[in-house]
Amino acid sequence: MKRLILVFALTIVTFAVLLPFVSTTPDGVQKLTANSGSQRQPVWGGLMANYSIALGDPYISTLVAGLLGIGIIVATTFALGSIASRKKREDTCKSI
Amino acid sequence: MHIPDGLLIPVNPVTHALNVADTLVLVITWAVTLPCIIFAWKKTKTTYSKSLAGTLAVTSALVFVLQMLTFPVAGGTSVHILGGTLVALILGPYAGMLSMTMVLGMQAFFFADGGLLTFGANALNMAVIGSLSFFLVKLLAGKSVSPKRFAFSLFVATFAAATLTALLTGVEIGVSQAFVNSGGLSLTVPSMLSVYTVEGLVEATLTSVVATALMASLPSLQASGVIGLRMLKGKDLR
């Protein structure tokens, strides 16, 4: 558990430190889409589109959006993992 | 790499005509992805007997961060690490697929990074292909204990996964209505492959280095569960 917390802390520190250096040019699909001139009609715009929430400073906006994302992912996957292993424990109890 | 919402659309918004190719891509990708995810979930429940929650959560956070840290390649294009092979090595292919699927789902829902309709395609390209590369590592590394052969197998599998992901993405968007007038497959496939060949080399190097280091310290990691590596070596998970 200690090791997991250490890896998690390192992940967040790495994120915060490297974030100002990330590339802002479009990715492969975005660039192709932009060049094709086709009009996109999204059915869903996301709650924090472009990893940004309106906080003024772009670094802070993306940092906060990213940290919220990390929080959401940790919470949902932890729940999923708990469900997966809880079922297993019940099965083990039954087999005993 | 994430196909955004609205790029593949079943019905043309102006003419209201059915986009046959777009619809087919959406239907086929969902039809392939859903059973894979359900199978991965079932396998995760039956195969993994130790508590998975902590490792799954931290690994998923790691992939999310890795995918946010975009870096430039030639031609004014950015790429990010896909992470599928690395995740499969840490979590095993089944929980690895679940981890990647969850990350892609949250990216689509909260950040509009990848669409909801196109989620089937994105999950196929990144979660399913990435997890399957685990079996390529297993095939190439065999029962060998040589660290060099292990590193080489990882390099090849990661690179193959990135290339296949790029190829699939190129085909999926290339046949769509959006690229009918700008070259279709002859534009999208070479473009995706050229960009993601570079990304694949970077990711393959990174994955080899990280996983070889993890493998070297495997005896002390057994309790903390680098599950994928243990599965790769045929160790009992219980």
# chains A, B, ... in the order shown; residues from 1 in each chain; ligands from 1

call {"tool": "closest_atom_pairs", "arguments": {"of": "chain B", "to": "chain A", "cutoff": "6 Å", "atoms": "only C-alpha atoms", "output": "JSON lines"}}
result
{"residue": "B:Met1", "atom": "CA", "partner": "A:Val29", "partner_atom": "CA", "distance": 5.7}
{"residue": "B:Asp5", "atom": "CA", "partner": "A:Pro42", "partner_atom": "CA", "distance": 4.7}
{"residue": "B:Gly6", "atom": "CA", "partner": "A:Pro42", "partner_atom": "CA", "distance": 4.3}
{"residue": "B:Leu7", "atom": "CA", "partner": "A:Arg40", "partner_atom": "CA", "distance": 5.7}
{"residue": "B:Lys45", "atom": "CA", "partner": "A:Ala84", "partner_atom": "CA", "distance": 4.8}
{"residue": "B:Ser51", "atom": "CA", "partner": "A:Ser85", "partner_atom": "CA", "distance": 5.2}
{"residue": "B:Leu52", "atom": "CA", "partner": "A:Gly81", "partner_atom": "CA", "distance": 5.1}
{"residue": "B:Ala53", "atom": "CA", "partner": "A:Gly81", "partner_atom": "CA", "distance": 3.9}
{"residue": "B:Ala57", "atom": "CA", "partner": "A:Val74", "partner_atom": "CA", "distance": 4.6}
{"residue": "B:Val58", "atom": "CA", "partner": "A:Phe8", "partner_atom": "CA", "distance": 5.8}
{"residue": "B:Ala61", "atom": "CA", "partner": "A:Ile70", "partner_atom": "CA", "distance": 5.4}
{"residue": "B:Leu69", "atom": "CA", "partner": "A:Val22", "partner_atom": "CA", "distance": 5.5}
{"residue": "B:Thr70", "atom": "CA", "partner": "A:Val22", "partner_atom": "CA", "distance": 5.2}
{"residue": "B:Phe71", "atom": "CA", "partner": "A:Ser23", "partner_atom": "CA", "distance": 4.9}
{"residue": "B:Pro72", "atom": "CA", "partner": "A:Ser23", "partner_atom": "CA", "distance": 5.6}
{"residue": "B:Thr77", "atom": "CA", "partner": "A:Asp27", "partner_atom": "CA", "distance": 5.3}
{"residue": "B:Ser78", "atom": "CA", "partner": "A:Asp27", "partner_atom": "CA", "distance": 4.5}
{"residue": "B:Val79", "atom": "CA", "partner": "A:Asp27", "partner_atom": "CA", "distance": 5.6}
{"residue": "B:Phe109", "atom": "CA", "partner": "A:Gly46", "partner_atom": "CA", "distance": 5.4}
{"residue": "B:Phe110", "atom": "CA", "partner": "A:Leu47", "partner_atom": "CA", "distance": 4.8}
{"residue": "B:Phe111", "atom": "CA", "partner": "A:Ala49", "partner_atom": "CA", "distance": 4.4}
{"residue": "B:Ala112", "atom": "CA", "partner": "A:Gly46", "partner_atom": "CA", "distance": 4.3}
{"residue": "B:Ala178", "atom": "CA", "partner": "A:Ser38", "partner_atom": "CA", "distance": 5.4}
{"residue": "B:Ser182", "atom": "CA", "partner": "A:Ser36", "partner_atom": "CA", "distance": 5.6}

call {"tool": "write_last_selection", "arguments": {"atoms": "N, CA and C atoms", "output": "PDB file, in the first residue's frame"}}
result
ATOM      1  N   MET B   1      -5.279  10.908 -31.034  1.00  0.00           N
ATOM      2  CA  MET B   1      -5.647   9.511 -31.300  1.00  0.00           C
ATOM      3  C   MET B   1      -7.131   9.250 -31.024  1.00  0.00           C
ATOM      4  N   ASP B   5     -16.339  13.166 -30.990  1.00  0.00           N
ATOM      5  CA  ASP B   5     -17.751  13.032 -31.304  1.00  0.00           C
ATOM      6  C   ASP B   5     -18.076  13.834 -32.558  1.00  0.00           C
ATOM      7  N   GLY B   6     -18.934  13.299 -33.386  1.00  0.00           N
ATOM      8  CA  GLY B   6     -19.365  14.039 -34.557  1.00  0.00           C
ATOM      9  C   GLY B   6     -18.512  13.805 -35.777  1.00  0.00           C
ATOM     10  N   LEU B   7     -17.375  13.128 -35.619  1.00  0.00           N
ATOM     11  CA  LEU B   7     -16.553  12.837 -36.794  1.00  0.00           C
ATOM     12  C   LEU B   7     -17.161  11.669 -37.566  1.00  0.00           C
ATOM     13  N   LYS B  45     -13.144 -10.791 -12.582  1.00  0.00           N
ATOM     14  CA  LYS B  45     -13.829 -11.258 -11.364  1.00  0.00           C
ATOM     15  C   LYS B  45     -13.379 -12.661 -10.964  1.00  0.00           C
ATOM     16  N   SER B  51      -7.178  -8.408  -3.695  1.00  0.00           N
ATOM     17  CA  SER B  51      -7.854  -7.131  -3.870  1.00  0.00           C
ATOM     18  C   SER B  51      -7.122  -6.320  -4.927  1.00  0.00           C
ATOM     19  N   LEU B  52      -7.896  -5.886  -5.884  1.00  0.00           N
ATOM     20  CA  LEU B  52      -7.349  -5.260  -7.081  1.00  0.00           C
ATOM     21  C   LEU B  52      -7.447  -3.740  -7.005  1.00  0.00           C
ATOM     22  N   ALA B  53      -8.320  -3.264  -6.098  1.00  0.00           N
ATOM     23  CA  ALA B  53      -8.759  -1.869  -6.152  1.00  0.00           C
ATOM     24  C   ALA B  53      -7.621  -0.848  -6.180  1.00  0.00           C
ATOM     25  N   ALA B  57      -6.684   1.524  -9.387  1.00  0.00           N
ATOM     26  CA  ALA B  57      -6.912   2.969  -9.292  1.00  0.00           C
ATOM     27  C   ALA B  57      -5.648   3.755  -9.635  1.00  0.00           C
ATOM     28  N   VAL B  58      -4.515   3.363  -9.058  1.00  0.00           N
ATOM     29  CA  VAL B  58      -3.273   4.112  -9.279  1.00  0.00           C
ATOM     30  C   VAL B  58      -2.801   3.957 -10.729  1.00  0.00           C
ATOM     31  N   ALA B  61      -4.925   6.145 -12.947  1.00  0.00           N
ATOM     32  CA  ALA B  61      -4.528   7.554 -12.810  1.00  0.00           C
ATOM     33  C   ALA B  61      -3.249   7.821 -13.606  1.00  0.00           C
ATOM     34  N   LEU B  69      -0.057  14.226 -21.110  1.00  0.00           N
ATOM     35  CA  LEU B  69       1.262  14.809 -21.357  1.00  0.00           C
ATOM     36  C   LEU B  69       1.642  14.612 -22.825  1.00  0.00           C
ATOM     37  N   THR B  70       1.069  15.454 -23.679  1.00  0.00           N
ATOM     38  CA  THR B  70       1.324  15.338 -25.115  1.00  0.00           C
ATOM     39  C   THR B  70       2.698  15.906 -25.447  1.00  0.00           C
ATOM     40  N   PHE B  71       3.318  15.330 -26.454  1.00  0.00           N
ATOM     41  CA  PHE B  71       4.612  15.856 -26.908  1.00  0.00           C
ATOM     42  C   PHE B  71       4.596  15.990 -28.428  1.00  0.00           C
ATOM     43  N   PRO B  72       5.379  16.938 -28.953  1.00  0.00           N
ATOM     44  CA  PRO B  72       5.299  17.202 -30.401  1.00  0.00           C
ATOM     45  C   PRO B  72       6.091  16.196 -31.234  1.00  0.00           C
ATOM     46  N   THR B  77       2.312  18.304 -35.202  1.00  0.00           N
ATOM     47  CA  THR B  77       1.330  17.386 -34.636  1.00  0.00           C
ATOM     48  C   THR B  77       1.815  16.910 -33.275  1.00  0.00           C
ATOM     49  N   SER B  78       0.854  16.721 -32.363  1.00  0.00           N
ATOM     50  CA  SER B  78       1.199  16.205 -31.034  1.00  0.00           C
ATOM     51  C   SER B  78       0.735  14.765 -30.898  1.00  0.00           C
ATOM     52  N   VAL B  79       1.415  14.046 -30.053  1.00  0.00           N
ATOM     53  CA  VAL B  79       0.966  12.693 -29.726  1.00  0.00           C
ATOM     54  C   VAL B  79       1.056  12.503 -28.215  1.00  0.00           C
ATOM     55  N   PHE B 109     -16.510  11.460 -21.314  1.00  0.00           N
ATOM     56  CA  PHE B 109     -17.655  12.045 -20.613  1.00  0.00           C
ATOM     57  C   PHE B 109     -17.332  13.413 -20.018  1.00  0.00           C
ATOM     58  N   PHE B 110     -16.192  13.508 -19.340  1.00  0.00           N
ATOM     59  CA  PHE B 110     -15.883  14.757 -18.644  1.00  0.00           C
ATOM     60  C   PHE B 110     -15.130  15.762 -19.499  1.00  0.00           C
ATOM     61  N   PHE B 111     -14.259  15.277 -20.389  1.00  0.00           N
ATOM     62  CA  PHE B 111     -13.361  16.203 -21.079  1.00  0.00           C
ATOM     63  C   PHE B 111     -13.588  16.279 -22.594  1.00  0.00           C
ATOM     64  N   ALA B 112     -14.602  15.575 -23.093  1.00  0.00           N
ATOM     65  CA  ALA B 112     -14.886  15.520 -24.532  1.00  0.00           C
ATOM     66  C   ALA B 112     -13.622  15.150 -25.323  1.00  0.00           C
ATOM     67  N   ALA B 178     -16.604  12.288 -43.527  1.00  0.00           N
ATOM     68  CA  ALA B 178     -15.800  13.486 -43.279  1.00  0.00           C
ATOM     69  C   ALA B 178     -14.601  13.602 -44.220  1.00  0.00           C
ATOM     70  N   SER B 182     -11.531  14.684 -49.219  1.00  0.00           N
ATOM     71  CA  SER B 182     -10.151  15.118 -48.982  1.00  0.00           C
ATOM     72  C   SER B 182      -9.154  13.966 -49.067  1.00  0.00           C
TER      73      SER B 182
END

call {"tool": "residues_around", "arguments": {"residues": "Phe135 (chain B)", "least_positions_apart": "6", "cutoff": "10 Å", "atoms": "only C-alpha atoms", "output": "list of chain:residue names"}}
result
B:Thr85, B:Ala88, B:Gly92, B:Pro93, B:Ala141, B:Ala157, B:Leu232

call {"tool": "select_by_dssp", "arguments": {"residues": "region 5-77 of chain A", "states": "helix (DSSP H, G or I)", "output": "ChimeraX atom specification"}}
result
/A:5-21,28-36,49-51,58-77

call {"tool": "residues_around", "arguments": {"residues": "Tyr196 (chain B)", "least_positions_apart": "2", "cutoff": "8 Å", "atoms": "only C-alpha atoms", "output": "VMD selection string"}}
result
chain B and resid 79 162 to 163 166 192 to 194 198 to 200

call {"tool": "write_last_selection", "arguments": {"atoms": "N, CA and C atoms", "output": "compact mmCIF listing (two decimals), in the first residue's frame"}}
result
# COMPACT_ATOMS: atom_id res chain seq x y z
N VAL B 79 1.41 14.05 -30.05
CA VAL B 79 0.97 12.69 -29.73
C VAL B 79 1.06 12.50 -28.21
N ALA B 162 0.90 0.17 -30.99
CA ALA B 162 0.76 1.57 -31.40
C ALA B 162 0.49 1.67 -32.91
N THR B 163 1.19 0.85 -33.68
CA THR B 163 1.02 0.87 -35.13
C THR B 163 -0.37 0.38 -35.52
N ALA B 166 -2.91 3.00 -34.74
CA ALA B 166 -2.88 4.08 -35.74
C ALA B 166 -3.55 3.63 -37.03
N MET B 192 -1.76 8.89 -40.15
CA MET B 192 -1.78 8.33 -38.79
C MET B 192 -0.55 7.45 -38.55
N LEU B 193 -0.22 6.64 -39.56
CA LEU B 193 0.92 5.73 -39.37
C LEU B 193 2.22 6.50 -39.20
N SER B 194 2.41 7.57 -39.98
CA SER B 194 3.68 8.29 -39.89
C SER B 194 3.84 8.94 -38.51
N VAL B 198 6.44 7.28 -34.82
CA VAL B 198 7.34 8.00 -33.92
C VAL B 198 6.90 7.79 -32.47
N GLU B 199 5.58 7.95 -32.24
CA GLU B 199 5.06 7.75 -30.89
C GLU B 199 5.33 6.33 -30.42
N GLY B 200 5.14 5.38 -31.33
CA GLY B 200 5.35 3.96 -30.99
C GLY B 200 6.77 3.69 -30.55

call {"tool": "closest_residue", "arguments": {"among": "B:Ile81, B:Val156, B:Met68, B:Leu91", "to": "Gln107 (chain B)", "atoms": "only C-alpha atoms"}}
result
B:Met68

call {"tool": "atom_distance", "arguments": {"atom1": "CA of Val128 (chain B)", "atom2": "CA of Leu214 (chain B)"}}
result
23.2 Å

call {"tool": "residues_around", "arguments": {"residues": "Val175 (chain B)", "least_positions_apart": "4", "cutoff": "9 Å", "atoms": "only C-alpha atoms", "output": "VMD selection string"}}
result
chain B and resid 21 to 22 25 170 to 171 179 to 180 184 to 185

call {"tool": "write_last_selection", "arguments": {"atoms": "N, CA and C atoms", "output": "mmCIF file, in the first residue's frame"}}
result
data_model
loop_
_atom_site.group_PDB
_atom_site.id
_atom_site.type_symbol
_atom_site.label_atom_id
_atom_site.label_comp_id
_atom_site.auth_asym_id
_atom_site.auth_seq_id
_atom_site.Cartn_x
_atom_site.Cartn_y
_atom_site.Cartn_z
ATOM 1 N N ALA B 21 -21.099 4.238 -44.407
ATOM 2 C CA ALA B 21 -19.760 3.872 -43.925
ATOM 3 C C ALA B 21 -19.601 4.238 -42.452
ATOM 4 N N ASP B 22 -20.018 5.449 -42.081
ATOM 5 C CA ASP B 22 -19.898 5.899 -40.690
ATOM 6 C C ASP B 22 -20.678 4.973 -39.759
ATOM 7 N N VAL B 25 -18.944 1.634 -39.346
ATOM 8 C CA VAL B 25 -17.779 1.721 -38.451
ATOM 9 C C VAL B 25 -18.240 1.765 -37.000
ATOM 10 N N GLY B 170 -6.869 5.191 -38.566
ATOM 11 C CA GLY B 170 -6.806 5.727 -39.923
ATOM 12 C C GLY B 170 -7.907 5.153 -40.803
ATOM 13 N N VAL B 171 -8.144 3.852 -40.678
ATOM 14 C CA VAL B 171 -9.187 3.203 -41.489
ATOM 15 C C VAL B 171 -10.572 3.679 -41.048
ATOM 16 N N PHE B 179 -14.090 12.456 -44.699
ATOM 17 C CA PHE B 179 -12.885 12.507 -45.528
ATOM 18 C C PHE B 179 -13.145 12.130 -46.983
ATOM 19 N N VAL B 180 -14.422 12.075 -47.357
ATOM 20 C CA VAL B 180 -14.774 11.697 -48.729
ATOM 21 C C VAL B 180 -14.126 12.636 -49.749
ATOM 22 N N GLY B 184 -9.789 10.475 -48.255
ATOM 23 C CA GLY B 184 -10.184 9.220 -47.611
ATOM 24 C C GLY B 184 -9.013 8.456 -47.026
ATOM 25 N N LEU B 185 -9.031 7.156 -47.244
ATOM 26 C CA LEU B 185 -8.011 6.275 -46.661
ATOM 27 C C LEU B 185 -6.591 6.644 -47.083
#

call {"tool": "residues_around", "arguments": {"residues": "Cys36 (chain B)", "least_positions_apart": "6", "cutoff": "10 Å", "atoms": "only C-alpha atoms", "output": "list in words"}}
result
Trp30, Lys42, Tyr94, Met97, Leu98, Ala123, Leu124, Ala127 and Val128 of chain B

call {"tool": "atom_distance", "arguments": {"atom1": "CA of Val145 (chain B)", "atom2": "CA of Met231 (chain B)"}}
result
14.2 Å
